Amino acid sequence: MPRFSVIVPAYHVQAYLHACLESVLSQSCDDLELIAVDDCSPDGCGAIIDEFAARDRRVIAVHLPENSGLGPARNAGLAHATGDYLVFLDGDDTLAPGSLRAVADRLKETGDPDVLVYDHVRTYPTGEVVPNEFRAHLAESGPAPFVLADRPGLLKVLMVVWNKAYKREFVAREGFTFPPGFYEDTPWTYPALMAAGSIATLDRVCVHYRQRRTGSILSTTSLRHFDLFDQYERLFAFLDTRPELACWRPVLRRRMADHFTSVFMAPGRLPRGTRAAFFRRARAHYRRHRAAGAAPAPAARAIAVPRLTTRLRHALVRFGSHRTYRALMAARTAKRRAAAGGRRVAGAVCGALLQLHYRIQRCLPVRDDRAVFSAYWSRGYACSPAAIEERVRELAPHVRTAWICAPAHAHTVPPGTRRVRPGSAAYWTALARSKYLVNNVNFDRRMVKRRGQVVVQTQHGTPLKHMGLDLMHRPAAARGMDFAGLLRAVDTWDYLVSPNRHATLVWERVYPAGYRTLEYGCPRNDVFQRAGAADVARLRETLGIPEGHTAVLYAPTHRDYVTPQPRLLDLERVLRALGPGFVILARPHPTHGDGPPPPAHPRVIDVSAHPSVEQLCLASDVLVTDYSSLMFDYANLDRPIVVHTEDWAAYEAARGTYFDVRSFPPGAVALSEDELIDIFVTGHWRGSRSAQLRAAFRARFCPYDDGGAAERVVRHVFLGEDPQRLAPVVPLEERRPAPSMGEAVSALFPAPR
């Protein structure tokens, strides 16, 4: 008997069905049967299902003699199910990698509840990924399992069948089946949650819910949207048979009214001339199912009290005021549009006033004792600008510093530094009158560099992938980059801080201008030489790394050629292979916002929001990356690095690199996930060959990173000291980077000679 029966109905989804079925069969948890139901689809769905069934014995192909709709197709799948748990997936959606393993682990943790509710995201044809707005109700904190009365907020989560796993014995005992017609989820999901004796949640995205432009039920204009009334009739008929659930009647009545009004107002669903009839049916249902004498349970009241606008909508449905309802909704829409127009006008006026303010400030003298810093498009106090700013406060206290950052990142700025909000009057004043301007990206394109101002560009890492003008013939990576604007910004640079000769030669070619290159090292790497064992131990404790464990920092780079970002490694599988002595610090690239989140696993620590990648490097014992410039920084710690290059051909074709990192790597190279696991299990990740490769890599790319890069920049640029008289760079063999703290567990795996 398999653990899971995954039921997939298919009708007119041939373009998406292959990806759907593959997402199930490629799960790391393979204890499943996949029941694919061809709902007499006139396209190629049936052939695709047969193809999968022929090559994988886990696939059960079911062909219906006539089209019957989603509900009956799912029932046909139920009749063939033998698994412990039922999982439903529509033929145009996909399971996220590792989802079934996470579901299986959570079911085991919570004692095999009747229902497990998990998260989803909406994916659009444009590549946009929108999270579930009610995902907070899926938090795994608190007692589990529970009943619905303990956490009634679950009723706010999208009431569909495919974001839950159901114990098959529970479904059989309750006799749940799907009805025909549109909105067939309604009389299944509500009863399942209310009748469940035990429920648990999984705070992990398991389903990618595809939002199709055409072809879906929600985008179809049809009289079948009137099926919604029959579905709620079935729901309340179920309540009539279960008196102990009567306390939920007022809540469901309000949910019903919300559902009616959302369908009524949705453009393109109801055929022309049918809205009045739909509204009359809604009024009749609302009145018929008034919960006379039934009060909501105390736990349910928390979600049952609607806002004023919701109460107004319900009242209009109750009294059947069709024209009034439409008029009020039209008035509300007009009000929103007017407000939006007013905001646009106000924004334009405000912007014009700020630019006038900026022009006036540019007429005033530049202040020699002012410096303004920023990094990563105002995301917070970070990278080389932060290292330089810290040293400015120490070595040049006469210079007052300001940091440009969005309010959400203001907490990252140290107390002694003034915070400046982007776009404010103070922001434009700082850009107009500060003598020193330091950034690792370019400042606002509207900034006008003045005589007497000094712009210091630090970049953010040694270049491996193509940059600047080298992207002109790589549209997948350039993504509409304004190269003329880029060159105008480069013309404002006075100094470019370089970590090594390779970076110097690349940058001077792809960012051609009259600036001066300072080969002083990468200031953000100073901390690697200045931190000690106590600092590393404190960081590990803060991150929750268990004592004695080996911490693997997994930091892949951005893929320009694919959206959304792929999951490149099955971290749960990797951890199972490595054993209990390892934890993974999962650090997606900052532009990975459209990618899958790290898996919910007790030994996977999600550090995607951590403000300092340098601190993560210090806390870890080994780096696993692909084409990220972080490898050049991490090499300064003289700790193992493993490079995972499974998609090298695609990455090289889309973005391109300045050298083949596989031929000159900083450590062991894995061409696949299996090879990566083997490198760790055999100990080659920290073996003598890995150390030799790392030593050669450090010699080429880390010649100046001795902990004094920021000081050299400050003494030269801010204090005007002769660069020839600066302290000499400490040789590689004399440097003592911060020690690794997880080496005790590494001893469990003997390093090969």
# chains A, B, ... in the order shown; residues from 1 in each chain; ligands from 1

call {"tool": "select_by_dssp", "arguments": {"residues": "stretch 363-448 of chain A", "states": "helix (DSSP H, G or I)", "output": "compact mmCIF listing (two decimals) with N, CA, C and O atoms, in the first residue's frame"}}
result
# COMPACT_ATOMS: atom_id res chain seq x y z
N CYS A 383 27.70 45.03 2.67
CA CYS A 383 28.74 44.93 1.67
C CYS A 383 29.90 45.91 1.92
O CYS A 383 30.09 46.40 3.03
N SER A 384 30.67 46.18 0.88
CA SER A 384 31.86 47.01 1.03
C SER A 384 31.58 48.44 1.47
O SER A 384 32.34 49.02 2.25
N PRO A 385 30.50 49.08 0.99
CA PRO A 385 30.21 50.42 1.52
C PRO A 385 30.05 50.43 3.04
O PRO A 385 30.48 51.38 3.70
N ALA A 386 29.46 49.39 3.61
CA ALA A 386 29.32 49.33 5.07
C ALA A 386 30.68 49.21 5.74
O ALA A 386 30.94 49.85 6.78
N ALA A 387 31.56 48.38 5.18
CA ALA A 387 32.90 48.24 5.76
C ALA A 387 33.66 49.56 5.70
O ALA A 387 34.37 49.93 6.66
N ILE A 388 33.52 50.28 4.60
CA ILE A 388 34.21 51.57 4.48
C ILE A 388 33.60 52.59 5.43
O ILE A 388 34.32 53.35 6.10
N GLU A 389 32.27 52.62 5.53
CA GLU A 389 31.62 53.59 6.42
C GLU A 389 32.05 53.38 7.86
O GLU A 389 32.30 54.34 8.60
N GLU A 390 32.17 52.13 8.27
CA GLU A 390 32.60 51.83 9.63
C GLU A 390 34.01 52.36 9.89
O GLU A 390 34.29 52.94 10.94
N ARG A 391 34.89 52.20 8.91
CA ARG A 391 36.26 52.67 9.08
C ARG A 391 36.35 54.19 8.99
O ARG A 391 37.22 54.80 9.62
N VAL A 392 35.44 54.81 8.25
CA VAL A 392 35.41 56.27 8.20
C VAL A 392 35.10 56.83 9.58
O VAL A 392 35.74 57.77 10.06
N ARG A 393 34.12 56.24 10.26
CA ARG A 393 33.79 56.71 11.60
C ARG A 393 34.94 56.51 12.58
O ARG A 393 35.09 57.26 13.54
N GLU A 394 35.76 55.51 12.32
CA GLU A 394 36.88 55.22 13.22
C GLU A 394 38.11 56.07 12.89
O GLU A 394 38.74 56.64 13.79
N LEU A 395 38.44 56.18 11.59
CA LEU A 395 39.70 56.83 11.19
C LEU A 395 39.52 58.29 10.79
O LEU A 395 40.49 59.06 10.82
N PRO A 407 12.92 52.28 4.58
CA PRO A 407 12.52 52.15 5.99
C PRO A 407 12.54 50.71 6.50
O PRO A 407 12.85 50.47 7.67
N ALA A 408 12.23 49.75 5.64
CA ALA A 408 12.20 48.35 6.07
C ALA A 408 13.57 47.85 6.51
O ALA A 408 13.67 46.87 7.24
N HIS A 409 14.63 48.53 6.06
CA HIS A 409 15.99 48.10 6.39
C HIS A 409 16.69 49.07 7.34
O HIS A 409 17.89 48.92 7.58
N ALA A 410 15.96 50.01 7.89
CA ALA A 410 16.59 51.02 8.75
C ALA A 410 17.24 50.40 9.98
O ALA A 410 18.23 50.92 10.49
N HIS A 411 16.71 49.26 10.44
CA HIS A 411 17.25 48.64 11.65
C HIS A 411 18.66 48.10 11.45
O HIS A 411 19.37 47.82 12.42
N THR A 412 19.10 47.94 10.20
CA THR A 412 20.44 47.42 9.94
C THR A 412 21.52 48.48 10.07
O THR A 412 22.71 48.15 10.16
N ALA A 425 13.49 64.63 0.88
CA ALA A 425 14.25 65.87 0.73
C ALA A 425 15.67 65.70 1.28
O ALA A 425 16.65 66.20 0.70
N ALA A 426 15.80 64.98 2.41
CA ALA A 426 17.12 64.74 2.98
C ALA A 426 17.99 63.92 2.03
O ALA A 426 19.22 64.11 1.97
N TYR A 427 17.36 63.02 1.30
CA TYR A 427 18.08 62.20 0.32
C TYR A 427 18.69 63.08 -0.76
O TYR A 427 19.88 62.97 -1.09
N TRP A 428 17.88 63.98 -1.32
CA TRP A 428 18.40 64.83 -2.38
C TRP A 428 19.42 65.84 -1.86
O TRP A 428 20.38 66.18 -2.55
N THR A 429 19.24 66.25 -0.62
CA THR A 429 20.24 67.14 -0.01
C THR A 429 21.57 66.41 0.13
O THR A 429 22.64 66.96 -0.17
N ALA A 430 21.51 65.17 0.58
CA ALA A 430 22.74 64.39 0.75
C ALA A 430 23.44 64.18 -0.58
O ALA A 430 24.67 64.30 -0.68
N LEU A 431 22.69 63.87 -1.63
CA LEU A 431 23.31 63.67 -2.94
C LEU A 431 23.88 64.97 -3.50
O LEU A 431 24.88 64.97 -4.22
N ALA A 432 23.26 66.09 -3.16
CA ALA A 432 23.71 67.37 -3.71
C ALA A 432 24.91 67.95 -2.98
O ALA A 432 25.76 68.59 -3.59
N ARG A 433 25.04 67.71 -1.68
CA ARG A 433 26.01 68.47 -0.91
C ARG A 433 27.09 67.62 -0.22
O ARG A 433 28.02 68.18 0.34

call {"tool": "closest_residue", "arguments": {"among": "A:Arg694, A:His601, A:Arg287, A:His558", "to": "A:Val103", "atoms": "only C-alpha atoms"}}
result
A:His601

call {"tool": "closest_residue", "arguments": {"among": "A:Ala246, A:Leu571, A:Ala738, A:Ala348", "to": "A:Asp535", "atoms": "only C-alpha atoms"}}
result
A:Ala738

call {"tool": "select_by_dssp", "arguments": {"residues": "stretch 93-302 of chain A", "states": "strand (DSSP E or B)", "output": "ChimeraX atom specification"}}
result
/A:94-95,115-123,129-131,146,164-167,199-210

call {"tool": "residues_around", "arguments": {"residues": "A:Phe236", "least_positions_apart": "3", "cutoff": "9 Å", "atoms": "only C-alpha atoms", "output": "PyMOL selection string"}}
result
chain A and resi 187+231-233+239-241+249+252+289

call {"tool": "atom_distance", "arguments": {"atom1": "atom CA of A:His502", "atom2": "atom CA of A:Ala699"}}
result
11.8 Å

call {"tool": "closest_residue", "arguments": {"among": "A:His80, A:Ala551, A:Thr123, A:Leu116", "to": "A:Val604", "atoms": "only C-alpha atoms"}}
result
A:Ala551

call {"tool": "closest_atom_pairs", "arguments": {"of": "stretch 434-526 of chain A", "to": "stretch 627-643 of chain A", "cutoff": "10 Å", "atoms": "only C-alpha atoms", "output": "CSV"}}
result
residue,atom,partner,partner_atom,distance
A:His460,CA,A:Ser629,CA,8.3
A:Gly461,CA,A:Ser629,CA,5.5
A:Thr462,CA,A:Ser629,CA,5.7
A:Pro463,CA,A:Ser629,CA,6.4
A:Leu464,CA,A:Ser629,CA,6.3
A:Lys465,CA,A:Tyr627,CA,7.3
A:Pro499,CA,A:Phe632,CA,9.4
A:Cys522,CA,A:Asp633,CA,8.1
A:Arg524,CA,A:Asp633,CA,8.5
A:Asn525,CA,A:Asp633,CA,6.4
A:Asp526,CA,A:Asn636,CA,9.3

call {"tool": "write_last_selection", "arguments": {"atoms": "C-alpha atoms", "output": "PDB file, in the first residue's frame"}}
result
ATOM      1  CA  HIS A 460      29.901  43.637  -5.026  1.00  0.00           C
ATOM      2  CA  GLY A 461      32.243  40.800  -5.797  1.00  0.00           C
ATOM      3  CA  THR A 462      34.797  39.512  -8.263  1.00  0.00           C
ATOM      4  CA  PRO A 463      33.238  39.088 -11.721  1.00  0.00           C
ATOM      5  CA  LEU A 464      32.759  35.536 -12.935  1.00  0.00           C
ATOM      6  CA  LYS A 465      29.634  36.097 -15.031  1.00  0.00           C
ATOM      7  CA  PRO A 499      39.856  42.989  -5.185  1.00  0.00           C
ATOM      8  CA  CYS A 522      37.428  43.845  -1.188  1.00  0.00           C
ATOM      9  CA  ARG A 524      33.532  43.562   2.796  1.00  0.00           C
ATOM     10  CA  ASN A 525      36.027  40.702   3.265  1.00  0.00           C
ATOM     11  CA  ASP A 526      37.984  42.499   5.984  1.00  0.00           C
TER      12      ASP A 526
END

call {"tool": "residues_around", "arguments": {"residues": "A:Leu486", "least_positions_apart": "5", "cutoff": "12 Å", "atoms": "only C-alpha atoms", "output": "PDB file with N, CA and C atoms, in the first residue's frame"}}
result
ATOM      1  N   VAL A 441      26.440  49.802  -6.172  1.00  0.00           N
ATOM      2  CA  VAL A 441      25.717  49.901  -7.435  1.00  0.00           C
ATOM      3  C   VAL A 441      25.691  51.394  -7.774  1.00  0.00           C
ATOM      4  N   ASN A 442      24.954  51.779  -8.796  1.00  0.00           N
ATOM      5  CA  ASN A 442      24.932  53.192  -9.146  1.00  0.00           C
ATOM      6  C   ASN A 442      23.871  53.945  -8.359  1.00  0.00           C
ATOM      7  N   PHE A 443      24.114  55.221  -8.152  1.00  0.00           N
ATOM      8  CA  PHE A 443      23.144  56.078  -7.491  1.00  0.00           C
ATOM      9  C   PHE A 443      22.003  56.407  -8.450  1.00  0.00           C
ATOM     10  N   ASP A 444      21.038  57.133  -7.953  1.00  0.00           N
ATOM     11  CA  ASP A 444      19.873  57.559  -8.725  1.00  0.00           C
ATOM     12  C   ASP A 444      20.320  58.165 -10.063  1.00  0.00           C
ATOM     13  N   ARG A 445      19.672  57.717 -11.147  1.00  0.00           N
ATOM     14  CA  ARG A 445      20.067  58.192 -12.475  1.00  0.00           C
ATOM     15  C   ARG A 445      19.872  59.695 -12.644  1.00  0.00           C
ATOM     16  N   MET A 467      29.383  41.052 -17.369  1.00  0.00           N
ATOM     17  CA  MET A 467      28.837  42.269 -16.778  1.00  0.00           C
ATOM     18  C   MET A 467      28.944  43.418 -17.770  1.00  0.00           C
ATOM     19  N   GLY A 468      28.308  44.543 -17.424  1.00  0.00           N
ATOM     20  CA  GLY A 468      28.471  45.787 -18.166  1.00  0.00           C
ATOM     21  C   GLY A 468      28.234  45.651 -19.648  1.00  0.00           C
ATOM     22  N   LEU A 469      29.149  46.199 -20.440  1.00  0.00           N
ATOM     23  CA  LEU A 469      28.984  46.208 -21.890  1.00  0.00           C
ATOM     24  C   LEU A 469      29.042  44.818 -22.492  1.00  0.00           C
ATOM     25  N   LEU A 471      27.217  42.527 -21.785  1.00  0.00           N
ATOM     26  CA  LEU A 471      25.842  42.016 -21.842  1.00  0.00           C
ATOM     27  C   LEU A 471      25.071  42.547 -23.051  1.00  0.00           C
ATOM     28  N   MET A 472      25.700  43.396 -23.844  1.00  0.00           N
ATOM     29  CA  MET A 472      24.985  44.010 -24.967  1.00  0.00           C
ATOM     30  C   MET A 472      24.450  42.968 -25.941  1.00  0.00           C
ATOM     31  N   ALA A 478      20.710  40.747 -20.105  1.00  0.00           N
ATOM     32  CA  ALA A 478      20.625  42.220 -20.038  1.00  0.00           C
ATOM     33  C   ALA A 478      19.236  42.691 -19.646  1.00  0.00           C
ATOM     34  N   GLY A 480      16.801  44.334 -21.149  1.00  0.00           N
ATOM     35  CA  GLY A 480      16.460  45.719 -21.449  1.00  0.00           C
ATOM     36  C   GLY A 480      17.337  46.745 -20.771  1.00  0.00           C
ATOM     37  N   MET A 481      18.543  46.378 -20.396  1.00  0.00           N
ATOM     38  CA  MET A 481      19.451  47.310 -19.723  1.00  0.00           C
ATOM     39  C   MET A 481      19.696  48.548 -20.580  1.00  0.00           C
ATOM     40  N   ASP A 491      30.628  57.336 -15.886  1.00  0.00           N
ATOM     41  CA  ASP A 491      31.399  58.576 -16.045  1.00  0.00           C
ATOM     42  C   ASP A 491      31.470  59.388 -14.759  1.00  0.00           C
ATOM     43  N   THR A 492      30.600  59.111 -13.802  1.00  0.00           N
ATOM     44  CA  THR A 492      30.644  59.855 -12.538  1.00  0.00           C
ATOM     45  C   THR A 492      31.642  59.251 -11.555  1.00  0.00           C
ATOM     46  N   TRP A 493      32.137  58.042 -11.803  1.00  0.00           N
ATOM     47  CA  TRP A 493      33.027  57.385 -10.855  1.00  0.00           C
ATOM     48  C   TRP A 493      34.389  58.081 -10.812  1.00  0.00           C
ATOM     49  N   VAL A 510      34.675  46.625 -19.429  1.00  0.00           N
ATOM     50  CA  VAL A 510      33.210  46.640 -19.538  1.00  0.00           C
ATOM     51  C   VAL A 510      32.603  47.901 -18.939  1.00  0.00           C
ATOM     52  N   TYR A 511      33.380  48.639 -18.132  1.00  0.00           N
ATOM     53  CA  TYR A 511      32.940  49.936 -17.596  1.00  0.00           C
ATOM     54  C   TYR A 511      33.982  50.991 -17.976  1.00  0.00           C
ATOM     55  N   PRO A 512      34.127  51.288 -19.249  1.00  0.00           N
ATOM     56  CA  PRO A 512      35.198  52.196 -19.680  1.00  0.00           C
ATOM     57  C   PRO A 512      34.903  53.644 -19.289  1.00  0.00           C
ATOM     58  N   ALA A 513      35.817  54.244 -18.561  1.00  0.00           N
ATOM     59  CA  ALA A 513      35.682  55.647 -18.153  1.00  0.00           C
ATOM     60  C   ALA A 513      37.025  56.089 -17.581  1.00  0.00           C
TER      61      ALA A 513
END

call {"tool": "atom_distance", "arguments": {"atom1": "atom CA of A:Ala266", "atom2": "atom CA of A:Gly71"}}
result
22.8 Å

call {"tool": "residues_around", "arguments": {"residues": "stretch 669-680 of chain A", "least_positions_apart": "4", "cutoff": "10 Å", "atoms": "only C-alpha atoms", "output": "count of residues only"}}
result
34

call {"tool": "decode", "arguments": {"residues": "stretch 635-669 of chain A", "atoms": "C-alpha atoms", "output": "PDB file, in the first residue's frame"}}
result
ATOM      1  CA  ALA A 635      38.097  31.612  -0.378  1.00  0.00           C
ATOM      2  CA  ASN A 636      39.590  34.206   1.997  1.00  0.00           C
ATOM      3  CA  LEU A 637      38.403  32.053   4.913  1.00  0.00           C
ATOM      4  CA  ASP A 638      40.462  29.149   3.552  1.00  0.00           C
ATOM      5  CA  ARG A 639      37.514  26.826   4.152  1.00  0.00           C
ATOM      6  CA  PRO A 640      36.249  24.153   1.738  1.00  0.00           C
ATOM      7  CA  ILE A 641      34.201  25.151  -1.306  1.00  0.00           C
ATOM      8  CA  VAL A 642      32.205  22.815  -3.539  1.00  0.00           C
ATOM      9  CA  VAL A 643      31.017  24.062  -6.932  1.00  0.00           C
ATOM     10  CA  HIS A 644      27.795  22.595  -8.369  1.00  0.00           C
ATOM     11  CA  THR A 645      27.650  23.136 -12.154  1.00  0.00           C
ATOM     12  CA  GLU A 646      24.804  20.922 -13.319  1.00  0.00           C
ATOM     13  CA  ASP A 647      23.352  23.546 -15.689  1.00  0.00           C
ATOM     14  CA  TRP A 648      26.682  24.893 -16.942  1.00  0.00           C
ATOM     15  CA  ALA A 649      25.733  24.759 -20.638  1.00  0.00           C
ATOM     16  CA  ALA A 650      22.520  26.730 -20.129  1.00  0.00           C
ATOM     17  CA  TYR A 651      24.163  29.291 -17.854  1.00  0.00           C
ATOM     18  CA  GLU A 652      27.117  29.772 -20.183  1.00  0.00           C
ATOM     19  CA  ALA A 653      24.792  30.247 -23.159  1.00  0.00           C
ATOM     20  CA  ALA A 654      22.553  32.784 -21.407  1.00  0.00           C
ATOM     21  CA  ARG A 655      24.925  34.797 -19.218  1.00  0.00           C
ATOM     22  CA  GLY A 656      28.441  33.657 -20.052  1.00  0.00           C
ATOM     23  CA  THR A 657      31.494  33.595 -17.790  1.00  0.00           C
ATOM     24  CA  TYR A 658      35.000  35.032 -17.962  1.00  0.00           C
ATOM     25  CA  PHE A 659      36.607  31.672 -17.333  1.00  0.00           C
ATOM     26  CA  ASP A 660      35.519  28.068 -16.964  1.00  0.00           C
ATOM     27  CA  VAL A 661      35.215  27.628 -13.206  1.00  0.00           C
ATOM     28  CA  ARG A 662      35.240  23.872 -13.738  1.00  0.00           C
ATOM     29  CA  SER A 663      38.788  24.109 -15.082  1.00  0.00           C
ATOM     30  CA  PHE A 664      40.050  26.441 -12.363  1.00  0.00           C
ATOM     31  CA  PRO A 665      37.784  25.798  -9.353  1.00  0.00           C
ATOM     32  CA  PRO A 666      38.204  26.770  -5.693  1.00  0.00           C
ATOM     33  CA  GLY A 667      37.541  23.172  -4.641  1.00  0.00           C
ATOM     34  CA  ALA A 668      35.731  20.011  -5.673  1.00  0.00           C
ATOM     35  CA  VAL A 669      33.370  20.269  -8.663  1.00  0.00           C
TER      36      VAL A 669
END
